[in-house]
file my_file.cif (mmCIF, C-alpha atoms)
data_input
#
loop_
_atom_site.label_atom_id
_atom_site.label_comp_id
_atom_site.auth_asym_id
_atom_site.auth_seq_id
_atom_site.Cartn_x
_atom_site.Cartn_y
_atom_site.Cartn_z
CA MET A 202 -14.95 -38.17 10.54
CA ARG A 203 -14.82 -35.09 12.71
CA PRO A 204 -11.89 -32.71 12.39
CA ALA A 205 -9.64 -32.95 15.41
CA ILE A 206 -9.44 -30.25 18.05
CA GLU A 207 -6.71 -27.99 16.94
CA PHE A 208 -4.72 -25.09 18.26
CA SER A 209 -4.03 -22.25 15.92
CA PRO A 210 -0.41 -21.12 15.59
CA CYS A 211 -1.39 -17.97 17.48
CA ASP A 212 -2.59 -20.08 20.42
CA LEU A 213 0.78 -21.80 20.51
CA GLU A 214 2.54 -18.47 20.41
CA TYR A 215 0.47 -17.51 23.44
CA PHE A 216 1.49 -20.71 25.27
CA ALA A 217 5.12 -20.09 24.39
CA GLU A 218 5.02 -16.78 26.18
CA ASP A 219 5.08 -18.66 29.47
CA GLU A 220 8.66 -19.74 28.87
CA THR A 221 11.22 -17.83 30.86
CA ILE A 222 13.90 -15.60 29.44
CA THR A 223 16.68 -13.49 30.92
CA ILE A 224 16.47 -9.73 30.75
CA VAL A 225 18.61 -6.89 31.97
CA PRO A 226 16.30 -4.20 33.32
CA ASN A 227 17.35 -0.56 33.31
CA PHE A 228 14.96 0.55 36.03
CA SER A 229 14.42 -0.23 39.65
CA LEU A 230 11.27 -0.87 41.57
CA PRO A 231 10.64 0.64 45.02
CA THR A 232 12.08 -1.45 47.82
CA PHE A 233 8.88 -1.79 49.87
CA SER A 234 7.85 -4.58 47.49
CA GLN A 235 11.37 -6.06 47.50
CA SER A 236 11.67 -4.69 43.94
CA THR A 237 9.42 -7.48 42.68
CA ILE A 238 6.16 -7.63 40.78
CA PRO A 239 3.65 -9.95 42.44
CA CYS A 240 1.51 -11.73 39.86
CA ILE A 241 -0.88 -14.67 40.00
CA GLY A 242 1.72 -16.96 38.51
CA GLY A 243 4.33 -15.93 41.08
CA SER A 244 6.32 -12.83 41.79
CA TYR A 245 8.93 -11.76 39.32
CA GLY A 246 12.01 -9.80 40.08
CA PRO A 247 13.83 -8.24 41.77
CA PHE A 248 14.31 -5.57 39.16
CA ARG A 249 17.43 -3.54 39.67
CA PRO A 250 19.33 -1.71 36.96
CA ASN A 251 21.90 -3.85 35.16
CA ILE A 252 21.20 -6.95 37.25
CA GLU A 253 20.06 -9.90 35.16
CA VAL A 254 16.74 -11.41 36.09
CA GLU A 255 14.65 -14.25 34.71
CA VAL A 256 11.07 -13.38 33.79
CA PRO A 257 8.33 -14.90 31.64
CA PHE A 258 8.51 -14.12 28.01
CA TRP A 259 5.38 -11.95 27.95
CA LEU A 260 6.74 -9.74 30.71
CA ALA A 261 10.05 -9.38 28.90
CA ILE A 262 8.31 -8.33 25.71
CA ALA A 263 6.14 -5.84 27.60
CA PHE A 264 9.19 -4.28 29.24
CA HIS A 265 11.05 -4.24 25.99
CA LYS A 266 8.24 -2.38 24.29
CA ARG A 267 8.57 0.32 26.97
CA LYS A 268 12.31 0.31 26.38
CA SER A 269 12.92 -0.51 30.00
CA CYS A 270 14.99 -3.64 29.55
CA ARG A 271 17.42 -5.43 27.30
CA ILE A 272 16.50 -8.99 26.35
CA LYS A 273 19.27 -11.56 26.38
CA PRO A 274 18.47 -14.08 23.66
CA PRO A 275 18.37 -17.67 24.90
CA ALA A 276 21.62 -19.62 24.62
CA TRP A 277 20.36 -21.89 21.87
CA LEU A 278 19.44 -18.92 19.71
CA ALA A 279 23.01 -18.23 18.67
CA THR A 280 24.79 -18.87 15.40
CA ASP A 281 27.12 -21.67 16.50
CA ARG A 282 24.50 -23.57 18.49
CA LEU A 283 21.98 -23.38 15.66
CA GLN A 284 24.60 -24.38 13.12
CA GLY A 285 25.41 -27.39 15.28
CA ILE A 286 21.75 -28.39 15.49
CA LEU A 287 21.33 -27.95 11.75
CA ASP A 288 24.37 -30.11 10.94
CA GLU A 289 23.25 -32.84 13.32
CA GLU A 290 19.75 -32.63 11.94
CA LYS A 291 21.01 -33.11 8.41
CA SER A 292 23.42 -35.92 9.18
CA THR A 293 21.02 -38.14 11.14
CA ALA A 294 17.98 -38.85 9.05
CA ALA A 295 16.03 -40.89 11.57
CA VAL A 296 16.48 -38.86 14.75
CA PHE A 297 15.23 -35.39 15.59
CA GLN A 298 17.48 -33.13 17.58
CA PRO A 299 16.14 -32.02 20.95
CA VAL A 300 15.26 -28.39 20.36
CA PRO A 301 13.31 -26.21 22.78
CA PHE A 302 9.64 -27.15 22.70
CA HIS A 303 8.58 -23.71 21.53
CA TYR A 304 11.63 -22.82 19.45
CA LEU A 305 9.72 -21.54 16.42
CA GLU A 306 7.40 -19.36 18.45
CA ILE A 307 10.13 -17.84 20.59
CA ALA A 308 12.33 -17.18 17.59
CA LYS A 309 9.50 -15.56 15.71
CA VAL A 310 8.45 -13.26 18.55
CA LEU A 311 12.02 -12.25 19.27
CA PHE A 312 12.70 -11.50 15.61
CA ALA A 313 9.59 -9.38 15.47
CA GLU A 314 9.77 -7.58 18.82
CA ALA A 315 13.39 -7.47 19.88
CA LYS A 316 15.54 -7.29 16.78
CA ASP A 317 18.23 -5.29 18.57
CA CYS A 318 19.12 -8.06 21.01
CA PHE A 319 20.76 -10.13 18.27
CA GLY A 320 23.11 -7.50 16.97
CA ALA A 321 24.72 -8.19 13.61
CA ASP A 322 23.93 -11.92 13.58
CA MET A 323 20.20 -11.38 13.20
CA LEU A 324 19.90 -12.36 9.54
CA LYS A 325 22.17 -15.35 9.91
CA ILE A 326 20.23 -16.62 12.93
CA LYS A 327 16.93 -16.11 11.19
CA GLU A 328 18.18 -18.09 8.21
CA LEU A 329 19.42 -20.91 10.42
CA VAL A 330 16.08 -21.23 12.24
CA GLU A 331 14.39 -21.28 8.87
CA ASP A 332 16.69 -24.04 7.62
CA ILE A 333 16.25 -26.13 10.74
CA CYS A 334 12.49 -25.84 10.41
CA LYS A 335 12.63 -26.91 6.77
CA VAL A 336 14.88 -29.90 7.40
CA ARG A 337 12.69 -31.05 10.26
CA MET A 338 9.50 -30.66 8.24
CA SER A 339 10.86 -32.80 5.44
CA LYS A 340 11.91 -35.40 8.00
CA ILE A 341 8.42 -35.36 9.49
CA CYS A 342 6.94 -35.97 6.05
CA ALA A 343 9.34 -38.86 5.54
CA GLY A 344 8.30 -40.21 8.93
CA LEU A 345 4.62 -40.00 8.08
CA GLN A 346 5.25 -41.86 4.87
CA VAL A 347 6.05 -45.10 6.67
CA LEU A 348 2.57 -45.22 8.15
CA GLN A 349 0.97 -48.37 6.75
CA GLY A 350 -1.67 -49.30 9.25
CA PRO A 351 -2.99 -48.56 12.71
CA MET A 352 0.43 -48.59 14.32
CA THR A 353 2.89 -46.16 15.78
CA VAL A 354 5.43 -44.06 13.99
CA LYS A 355 8.42 -42.89 15.94
CA LEU A 356 8.62 -39.11 15.87
CA ASN A 357 10.51 -38.04 18.98
CA ASN A 358 11.53 -34.54 19.98
CA LEU A 359 8.95 -32.76 17.88
CA SER A 360 8.30 -29.19 18.86
CA ALA A 361 4.86 -27.86 19.73
CA MET A 362 4.35 -26.21 16.37
CA GLU A 363 5.42 -29.26 14.41
CA CYS A 364 3.13 -31.51 16.41
CA ASN A 365 0.29 -29.16 15.79
CA ILE A 366 0.87 -29.09 12.04
CA VAL A 367 0.74 -32.84 11.59
CA ARG A 368 -1.89 -33.53 14.25
CA PRO A 369 -5.13 -33.33 12.20
CA PHE A 370 -3.73 -35.29 9.29
CA PHE A 371 -1.96 -37.86 11.40
CA GLN A 372 -4.92 -38.48 13.68
CA GLY A 373 -7.34 -38.67 10.78
CA SER A 374 -5.15 -41.11 8.88
CA LEU A 375 -4.72 -43.33 11.90
CA ALA A 376 -8.47 -43.30 12.50
CA GLN A 377 -9.09 -44.23 8.88
CA PHE A 378 -6.53 -47.01 9.01
CA GLN A 379 -8.12 -48.28 12.17
CA ALA A 380 -11.61 -48.20 10.70
CA LEU A 381 -10.45 -50.19 7.71
CA ALA A 382 -8.46 -52.64 9.78
CA GLY A 383 -11.68 -53.40 11.63
CA THR A 384 -10.58 -52.73 15.18
CA PRO A 385 -13.69 -51.76 17.09
CA SER A 386 -12.30 -49.31 19.64
CA GLN A 387 -12.44 -45.57 19.05
CA PRO A 388 -9.15 -43.73 18.61
CA GLN A 389 -8.09 -41.77 21.69
CA LEU A 390 -6.71 -38.26 21.46
CA MET B 295 -31.32 -46.29 13.60
CA VAL B 296 -30.72 -49.12 16.01
CA ASP B 297 -27.98 -51.10 14.33
CA SER B 298 -27.48 -49.68 10.88
CA GLY B 299 -23.92 -48.82 11.80
CA GLY B 300 -23.77 -45.25 10.58
CA ASP B 301 -23.37 -42.19 12.76
CA TYR B 302 -26.76 -40.55 13.09
CA PHE B 303 -25.40 -37.02 13.27
CA SER B 304 -22.78 -37.27 10.55
CA VAL B 305 -23.86 -35.92 7.19
CA ASP B 306 -21.11 -37.87 5.47
CA SER B 307 -22.32 -41.09 7.01
CA VAL B 308 -25.89 -40.39 5.88
CA LEU B 309 -24.72 -39.56 2.37
CA ALA B 310 -22.58 -42.67 2.25
CA GLU B 311 -25.67 -44.74 3.02
CA GLU B 312 -27.38 -43.17 0.02
CA THR B 313 -24.98 -44.85 -2.37
CA ALA B 314 -26.84 -47.12 -4.76
CA ILE B 315 -25.66 -50.70 -4.92
CA PRO B 316 -26.79 -53.11 -7.65
CA CYS B 317 -28.94 -55.91 -6.24
CA LEU B 318 -30.86 -58.88 -7.49
CA PHE B 319 -34.34 -59.41 -6.08
CA GLN B 320 -34.84 -62.99 -4.90
CA CYS B 321 -38.57 -62.60 -4.44
CA GLY B 322 -41.11 -60.23 -5.82
CA ALA B 323 -42.27 -57.07 -4.12
CA ASN B 324 -45.65 -55.54 -4.76
CA GLY B 325 -46.35 -51.89 -5.44
CA ILE B 326 -42.89 -50.40 -5.09
CA GLY B 327 -41.71 -50.53 -8.71
CA ARG B 328 -42.31 -46.85 -9.34
CA ALA B 329 -40.89 -45.85 -5.96
CA LEU B 330 -37.59 -47.54 -6.60
CA ASP B 331 -37.30 -46.47 -10.20
CA PRO B 332 -39.67 -43.79 -11.49
CA SER B 333 -38.99 -44.79 -15.09
CA SER B 334 -40.08 -48.35 -14.47
CA GLY B 335 -43.20 -49.41 -16.32
CA LEU B 336 -44.35 -51.84 -13.69
CA GLU B 337 -45.92 -51.35 -10.28
CA ASP B 338 -44.37 -54.50 -8.90
CA VAL B 339 -40.83 -55.77 -8.74
CA ASN B 340 -40.50 -59.25 -10.21
CA PRO B 341 -38.25 -61.94 -8.78
CA GLY B 342 -34.90 -61.79 -10.49
CA ALA B 343 -35.09 -58.08 -11.24
CA ASN B 344 -31.89 -56.05 -11.16
CA VAL B 345 -32.34 -52.89 -9.11
CA ASP B 346 -29.98 -50.33 -7.66
CA LEU B 347 -30.82 -49.91 -3.99
CA PRO B 348 -29.41 -47.48 -1.42
CA ILE B 349 -27.44 -49.10 1.36
CA TRP B 350 -29.85 -48.18 4.17
CA LEU B 351 -32.61 -50.11 2.42
CA LEU B 352 -30.36 -52.92 1.37
CA THR B 353 -29.29 -53.66 4.92
CA GLU B 354 -32.82 -54.54 5.96
CA LEU B 355 -33.66 -56.49 2.82
CA ALA B 356 -30.45 -58.49 2.94
CA LYS B 357 -31.21 -59.47 6.53
CA ARG B 358 -34.49 -61.01 5.32
CA ASP B 359 -32.73 -62.74 2.41
CA MET B 360 -34.93 -60.94 -0.08
CA ILE B 361 -32.07 -59.80 -2.28
CA THR B 362 -28.58 -60.76 -3.35
CA ILE B 363 -26.03 -57.99 -3.36
CA LYS B 364 -23.90 -57.79 -6.45
CA GLN B 365 -20.40 -56.45 -6.48
CA PRO B 366 -20.51 -52.75 -7.41
CA LYS B 367 -18.17 -52.18 -10.31
CA TRP B 368 -15.89 -49.87 -8.33
CA TYR B 369 -14.91 -52.85 -6.18
CA GLY B 370 -14.80 -55.21 -9.15
CA GLU B 371 -11.97 -57.17 -10.67
CA ARG B 372 -11.08 -54.45 -13.19
CA MET B 373 -10.82 -51.85 -10.48
CA ARG B 374 -8.66 -54.11 -8.36
CA ARG B 375 -6.23 -54.52 -11.20
CA LYS B 376 -6.17 -50.78 -11.76
CA ILE B 377 -5.50 -50.05 -8.10
CA GLN B 378 -2.74 -52.59 -8.10
CA ALA B 379 -1.17 -51.02 -11.15
CA GLY B 380 -1.32 -47.45 -9.92
CA ALA B 381 -3.46 -46.41 -7.01
CA GLY B 382 -2.43 -42.80 -7.22
CA VAL B 383 -3.91 -42.07 -10.63
CA GLU B 384 -7.37 -43.50 -10.06
CA ASN B 385 -10.15 -40.96 -9.63
CA LEU B 386 -12.12 -42.40 -6.73
CA ARG B 387 -14.37 -39.37 -6.41
CA LEU B 388 -15.80 -40.18 -9.81
CA ARG B 389 -16.29 -43.88 -9.06
CA CYS B 390 -17.74 -43.62 -5.59
CA PRO B 391 -17.44 -40.51 -3.43
CA TYR B 392 -17.57 -42.59 -0.22
CA PHE B 393 -15.30 -45.38 -1.34
CA TYR B 394 -14.15 -46.51 2.11
CA ASP B 395 -17.36 -45.95 4.07
CA VAL B 396 -19.35 -47.89 1.50
CA ALA B 397 -16.77 -50.66 1.55
CA LEU B 398 -17.06 -50.90 5.33
CA LEU B 399 -20.86 -50.85 5.21
CA LEU B 400 -20.99 -53.57 2.58
CA HIS B 401 -18.41 -55.51 4.51
CA SER B 402 -20.58 -55.36 7.62
CA ILE B 403 -23.52 -56.74 5.63
CA GLU B 404 -21.71 -59.43 3.70
CA ARG B 405 -19.05 -60.40 6.23
CA GLY B 406 -16.60 -61.32 3.51
CA PRO B 407 -12.98 -60.43 4.21
CA ALA B 408 -12.12 -59.59 0.61
CA LEU B 409 -13.76 -56.19 0.45
CA ALA B 410 -12.27 -54.78 3.64
CA GLU B 411 -8.89 -56.05 2.61
CA PHE B 412 -9.18 -54.39 -0.77
CA ALA B 413 -10.24 -51.09 0.84
CA MET B 414 -7.30 -51.29 3.23
CA LYS B 415 -4.87 -51.96 0.41
CA THR B 416 -6.30 -49.09 -1.60
CA PHE B 417 -6.00 -46.70 1.30
CA GLN B 418 -2.45 -47.77 2.05
CA ALA B 419 -1.37 -47.24 -1.52
CA ARG B 420 -3.18 -43.96 -1.93
CA TYR B 421 -1.95 -42.69 1.42
CA LYS B 422 1.56 -43.24 0.22
CA GLU B 423 1.08 -41.77 -3.21
CA LEU B 424 -1.42 -38.95 -2.75
CA LEU B 425 -2.22 -37.99 0.82
CA ILE B 426 1.34 -37.62 1.97
CA LYS B 427 1.77 -34.80 -0.50
CA ALA B 428 -0.65 -32.62 1.46
CA HIS B 429 2.10 -31.28 3.70
CA THR B 430 4.52 -30.51 0.92
CA ASN B 431 4.71 -27.47 -1.23
CA GLN B 432 3.03 -28.12 -4.53
CA THR B 433 1.95 -25.78 -7.24
CA PRO B 434 -1.73 -24.79 -7.07
CA GLN B 435 -2.38 -26.69 -10.30
CA GLU B 436 -0.89 -29.86 -8.87
CA MET B 437 -2.92 -29.41 -5.67
CA THR B 438 -6.14 -29.05 -7.63
CA ARG B 439 -5.29 -32.11 -9.68
CA LEU B 440 -4.59 -34.14 -6.54
CA GLN B 441 -7.74 -32.97 -4.83
CA SER B 442 -9.91 -33.86 -7.80
CA LEU B 443 -8.78 -37.49 -7.49
CA LEU B 444 -9.63 -37.93 -3.82
CA CYS B 445 -12.82 -39.43 -2.50
CA THR B 446 -14.57 -37.71 0.39
CA GLU B 447 -12.80 -39.48 3.25
CA GLU B 448 -9.41 -38.77 1.70
CA ALA B 449 -10.33 -35.19 0.92
CA VAL B 450 -11.14 -34.55 4.59
CA LEU B 451 -7.64 -35.63 5.58
CA PHE B 452 -6.01 -33.77 2.74
CA GLU B 453 -7.88 -30.58 3.52
CA ALA B 454 -7.03 -30.84 7.22
CA ALA B 455 -3.35 -31.10 6.40
CA ARG B 456 -3.50 -28.25 3.92
CA GLN B 457 -5.26 -25.99 6.38
CA SER B 458 -2.87 -26.59 9.25
CA MET B 459 0.03 -26.05 6.87
CA SER B 460 -1.33 -22.80 5.50
CA ALA B 461 -2.23 -21.53 8.98
CA PHE B 462 1.36 -22.19 9.95
CA SER B 463 2.90 -20.35 7.03
CA ARG B 464 0.47 -17.49 7.44
CA TRP B 465 1.54 -17.16 11.07
CA ARG B 466 5.19 -17.56 10.21
CA PHE B 467 5.52 -15.16 7.36
CA GLY B 468 3.06 -12.64 8.64
CA GLY B 469 0.71 -12.82 5.71
CA ARG B 470 -2.75 -11.56 6.31
CA PRO B 471 -5.76 -13.45 4.97
CA LEU B 472 -6.62 -12.08 1.59
CA ALA B 473 -8.91 -9.09 1.88
CA MET B 474 -12.02 -9.38 -0.16
CA LYS B 475 -11.78 -6.74 -2.78
CA GLY B 476 -14.54 -5.76 -5.13
CA PRO B 477 -13.73 -6.03 -8.80
CA MET B 478 -11.60 -3.13 -9.80
CA LYS B 479 -13.50 -0.76 -11.99
CA ARG B 480 -11.93 -0.15 -15.33
CA ARG B 481 -12.98 1.90 -18.25
CA LEU B 482 -13.29 0.16 -21.55
CA ASP B 483 -10.10 1.75 -22.82
CA GLY B 484 -8.21 0.25 -19.90
CA ALA B 485 -7.65 3.45 -17.91
CA ARG B 486 -8.19 3.29 -14.16
CA VAL B 487 -11.24 4.89 -12.60
CA ASN B 488 -11.35 6.91 -9.33
CA GLY B 489 -7.64 7.55 -9.43
CA HIS B 490 -6.74 3.93 -8.52
#

call {"tool": "encode", "arguments": {"input": "my_file.cif", "output": "structure tokens"}}
result
Amino acid sequence: MRPAIEFSPCDLEYFAEDETITIVPNFSLPTFSQSTIPCIGGSYGPFRPNIEVEVPFWLAIAFHKRKSCRIKPPAWLATDRLQGILDEEKSTAAVFQPVPFHYLEIAKVLFAEAKDCFGADMLKIKELVEDICKVRMSKICAGLQVLQGPMTVKLNNLSAMECNIVRPFFQGSLAQFQALAGTPSQPQL
Amino acid sequence: MVDSGGDYFSVDSVLAEETAIPCLFQCGANGIGRALDPSSGLEDVNPGANVDLPIWLLTELAKRDMITIKQPKWYGERMRRKIQAGAGVENLRLRCPYFYDVALLLHSIERGPALAEFAMKTFQARYKELLIKAHTNQTPQEMTRLQSLLCTEEAVLFEAARQSMSAFSRWRFGGRPLAMKGPMKRRLDGARVNGH
């Protein structure tokens, strides 16, 4: 049995940096380029002081490191929203709440790079993300436990990181179940 | 390697085919007594001799009806009862490191449904009792104990889960992989050397 192709958590963090996020720049670009930055993936901007603009995550982090913008944390990354998700997550054992696909990665990078954008709630938010992750992980384990043969297990709304954690084990187990059940076809990725 | 079933490039598959299975020779074979068992006193194998043969050899001989395959004791009645009583405590690595692969290989030779069914049942029970714990936080002692019980196929799964889990927590909590440090030098009286 070959180990499955796997992304490392750092790869996923890299993918997550393509998500967009709102920033408030404190600089302006010259007007001959319409105050935008043309990139391969599209042009971002216009950048004018104190006007909100949506940019990819990697650009926001790069600006923030140069202290030339303020990052507005995404709407879901706030105490009340997270508390709501956590409560829902705890009360419904079978269903996963729809969280952003890269919620763990975005939260981690923001906590590391842009602590100031959360203000006083930082610790509380960090704790809530941690709790949500824990509750979801234990639910995933419970979900995997029902696996009793080459069949499907319903795990909807998993985030990228959670998928990636269970992927090698889940795939391998299904392949083993399939081999023992005697179905001739090879498992597909 | 035309139809022996195993994967030519997989070391595990090759090793699984090395597993010795007890067989009963139906007819004699000349000149291979010492090759099969170096401690044997005879050059020839007599009809009715009990010999342990590796699976790759057994496949060909069974096709020609030269031998009867006996049930290895790790698939025997006793083992079945044990698995039924508590699959999670049985040490499969000790019994047969390639428990499932060997079961499938024997199944493909014998074509009896019982063996595959038993292997399936075993895997289901052990999946539930042992493998599922790979994602959870256990003490290192408990992990070592669990891992020592697993046969090779199970260990691959278990290790995969452990690795993805530890990669995740390393990423999450910013731990660096442990730096390899030389043994710290100490003087016999316990004082540190080199100002460390």

call {"tool": "residues_around", "arguments": {"input": "my_file.cif", "residues": "region 373-375 of chain A", "least_positions_apart": "4", "cutoff": "7 Å", "atoms": "all atoms listed in the file", "output": "MDAnalysis selection string"}}
result
(chainID A and resid 351 369 379) or (chainID B and resid 451)

call {"tool": "interface_residues", "arguments": {"input": "my_file.cif", "of": "chain A", "to": "chain B", "cutoff": "7 Å", "atoms": "all atoms listed in the file", "output": "list in words"}}
result
Pro210, Gln346, Gln349, Ile366, Val367, Pro369, Phe370, Gly373, Ser374, Leu381 and Ala382 of chain A

call {"tool": "resolve_selection", "arguments": {"input": "my_file.cif", "expression": "the PyMOL selection byres ((chain B and resi 339-352) around 7)", "output": "list of chain:residue names"}}
result
B:Glu311, B:Glu312, B:Thr313, B:Ala314, B:Ile315, B:Pro316, B:Cys317, B:Leu318, B:Phe319, B:Gln320, B:Cys321, B:Gly322, B:Ala323, B:Asn324, B:Ile326, B:Gly327, B:Glu337, B:Asp338, B:Thr353, B:Glu354, B:Leu355, B:Ala356

call {"tool": "residues_around", "arguments": {"input": "my_file.cif", "residues": "region 296-309 of chain A", "least_positions_apart": "2", "cutoff": "6 Å", "atoms": "all atoms listed in the file", "output": "PyMOL selection string"}}
result
chain A and resi 214+217+293-294+311-312+358+360-361

call {"tool": "write_last_selection", "arguments": {"input": "my_file.cif", "atoms": "C-alpha atoms", "output": "short mmCIF file (atom, residue, chain, number, x, y, z; two decimals), in the frame of the given file"}}
result
data_model
loop_
_atom_site.label_atom_id
_atom_site.label_comp_id
_atom_site.auth_asym_id
_atom_site.auth_seq_id
_atom_site.Cartn_x
_atom_site.Cartn_y
_atom_site.Cartn_z
CA GLU A 214 2.54 -18.47 20.41
CA ALA A 217 5.12 -20.09 24.39
CA THR A 293 21.02 -38.14 11.14
CA ALA A 294 17.98 -38.85 9.05
CA LEU A 311 12.02 -12.25 19.27
CA PHE A 312 12.70 -11.50 15.61
CA ASN A 358 11.53 -34.54 19.98
CA SER A 360 8.30 -29.19 18.86
CA ALA A 361 4.86 -27.86 19.73
#

call {"tool": "atom_distance", "arguments": {"input": "my_file.cif", "atom1": "CA of Pro391 (chain B)", "atom2": "CA of Glu404 (chain B)"}}
result
20.7 Å

call {"tool": "residues_around", "arguments": {"input": "my_file.cif", "residues": "Arg439 (chain B)", "least_positions_apart": "5", "cutoff": "12 Å", "atoms": "all atoms listed in the file", "output": "PyMOL selection string"}}
result
chain B and resi 382-385+424+427+432-434+444

call {"tool": "residues_around", "arguments": {"input": "my_file.cif", "residues": "Glu363 (chain A)", "least_positions_apart": "4", "cutoff": "9 Å", "atoms": "all atoms listed in the file", "output": "PDB file with C-alpha atoms, in the coordinates of the input"}}
result
ATOM      1  CA  CYS A 334      12.490 -25.840  10.410  1.00  0.00           C
ATOM      2  CA  ARG A 337      12.690 -31.050  10.260  1.00  0.00           C
ATOM      3  CA  MET A 338       9.500 -30.660   8.240  1.00  0.00           C
ATOM      4  CA  ILE A 341       8.420 -35.360   9.490  1.00  0.00           C
ATOM      5  CA  LEU A 359       8.950 -32.760  17.880  1.00  0.00           C
ATOM      6  CA  VAL A 367       0.740 -32.840  11.590  1.00  0.00           C
ATOM      7  CA  ARG A 368      -1.890 -33.530  14.250  1.00  0.00           C
TER       8      ARG A 368
END

call {"tool": "closest_residue", "arguments": {"input": "my_file.cif", "among": "B:Arg328, B:Ser333, B:Cys445, B:Thr416", "to": "Tyr369 (chain B)", "atoms": "all atoms listed in the file"}}
result
B:Thr416

call {"tool": "axis_aligned_box", "arguments": {"input": "my_file.cif", "around": "region 303-308 of chain B", "padding_each_side": "3 Å", "output": "lines of an AutoDock Vina configuration file"}}
result
center_x = -23.5
center_y = -38.5
center_z = 9.4
size_x = 10.8
size_y = 11.2
size_z = 13.8

call {"tool": "atom_distance", "arguments": {"input": "my_file.cif", "atom1": "CA of Lys273 (chain A)", "atom2": "CA of Glu331 (chain A)"}}
result
20.6 Å

call {"tool": "resolve_selection", "arguments": {"input": "my_file.cif", "expression": "the PyMOL selection byres ((chain B and resi 368) around 10)", "output": "count of residues only"}}
result
15

call {"tool": "resolve_selection", "arguments": {"input": "my_file.cif", "expression": "the PyMOL selection byres ((chain A and resi 317-324) around 12)", "output": "mmCIF file with C-alpha atoms, keeping the file's coordinate frame"}}
result
data_model
loop_
_atom_site.group_PDB
_atom_site.id
_atom_site.type_symbol
_atom_site.label_atom_id
_atom_site.label_comp_id
_atom_site.auth_asym_id
_atom_site.auth_seq_id
_atom_site.Cartn_x
_atom_site.Cartn_y
_atom_site.Cartn_z
ATOM 1 C CA THR A 223 16.680 -13.490 30.920
ATOM 2 C CA ILE A 224 16.470 -9.730 30.750
ATOM 3 C CA VAL A 225 18.610 -6.890 31.970
ATOM 4 C CA ILE A 262 8.310 -8.330 25.710
ATOM 5 C CA HIS A 265 11.050 -4.240 25.990
ATOM 6 C CA LYS A 266 8.240 -2.380 24.290
ATOM 7 C CA LYS A 268 12.310 0.310 26.380
ATOM 8 C CA CYS A 270 14.990 -3.640 29.550
ATOM 9 C CA ARG A 271 17.420 -5.430 27.300
ATOM 10 C CA ILE A 272 16.500 -8.990 26.350
ATOM 11 C CA LYS A 273 19.270 -11.560 26.380
ATOM 12 C CA PRO A 274 18.470 -14.080 23.660
ATOM 13 C CA PRO A 275 18.370 -17.670 24.900
ATOM 14 C CA ALA A 276 21.620 -19.620 24.620
ATOM 15 C CA LEU A 278 19.440 -18.920 19.710
ATOM 16 C CA ALA A 279 23.010 -18.230 18.670
ATOM 17 C CA THR A 280 24.790 -18.870 15.400
ATOM 18 C CA ASP A 281 27.120 -21.670 16.500
ATOM 19 C CA LEU A 283 21.980 -23.380 15.660
ATOM 20 C CA ALA A 308 12.330 -17.180 17.590
ATOM 21 C CA LYS A 309 9.500 -15.560 15.710
ATOM 22 C CA LEU A 311 12.020 -12.250 19.270
ATOM 23 C CA PHE A 312 12.700 -11.500 15.610
ATOM 24 C CA ALA A 313 9.590 -9.380 15.470
ATOM 25 C CA GLU A 314 9.770 -7.580 18.820
ATOM 26 C CA ALA A 315 13.390 -7.470 19.880
ATOM 27 C CA LYS A 316 15.540 -7.290 16.780
ATOM 28 C CA LYS A 325 22.170 -15.350 9.910
ATOM 29 C CA ILE A 326 20.230 -16.620 12.930
ATOM 30 C CA LYS A 327 16.930 -16.110 11.190
ATOM 31 C CA GLU A 328 18.180 -18.090 8.210
ATOM 32 C CA LEU A 329 19.420 -20.910 10.420
ATOM 33 C CA VAL A 330 16.080 -21.230 12.240
ATOM 34 C CA GLU A 331 14.390 -21.280 8.870
#

call {"tool": "closest_residue", "arguments": {"input": "my_file.cif", "among": "B:Arg420, B:Leu443, B:Ala408, B:Leu400", "to": "Gly380 (chain B)", "atoms": "all atoms listed in the file"}}
result
B:Arg420

call {"tool": "residues_around", "arguments": {"input": "my_file.cif", "residues": "Gly242 (chain A)", "least_positions_apart": "3", "cutoff": "12 Å", "atoms": "all atoms listed in the file", "output": "ChimeraX atom specification"}}
result
/A:219,238-239,245,256-257,260

call {"tool": "atom_distance", "arguments": {"input": "my_file.cif", "atom1": "CA of Leu230 (chain A)", "atom2": "CA of Ile252 (chain A)"}}
result
12.4 Å

call {"tool": "closest_residue", "arguments": {"input": "my_file.cif", "among": "A:Ser229, A:Asn357, A:Gln284, A:Gln377", "to": "Asn251 (chain A)", "atoms": "all atoms listed in the file"}}
result
A:Ser229
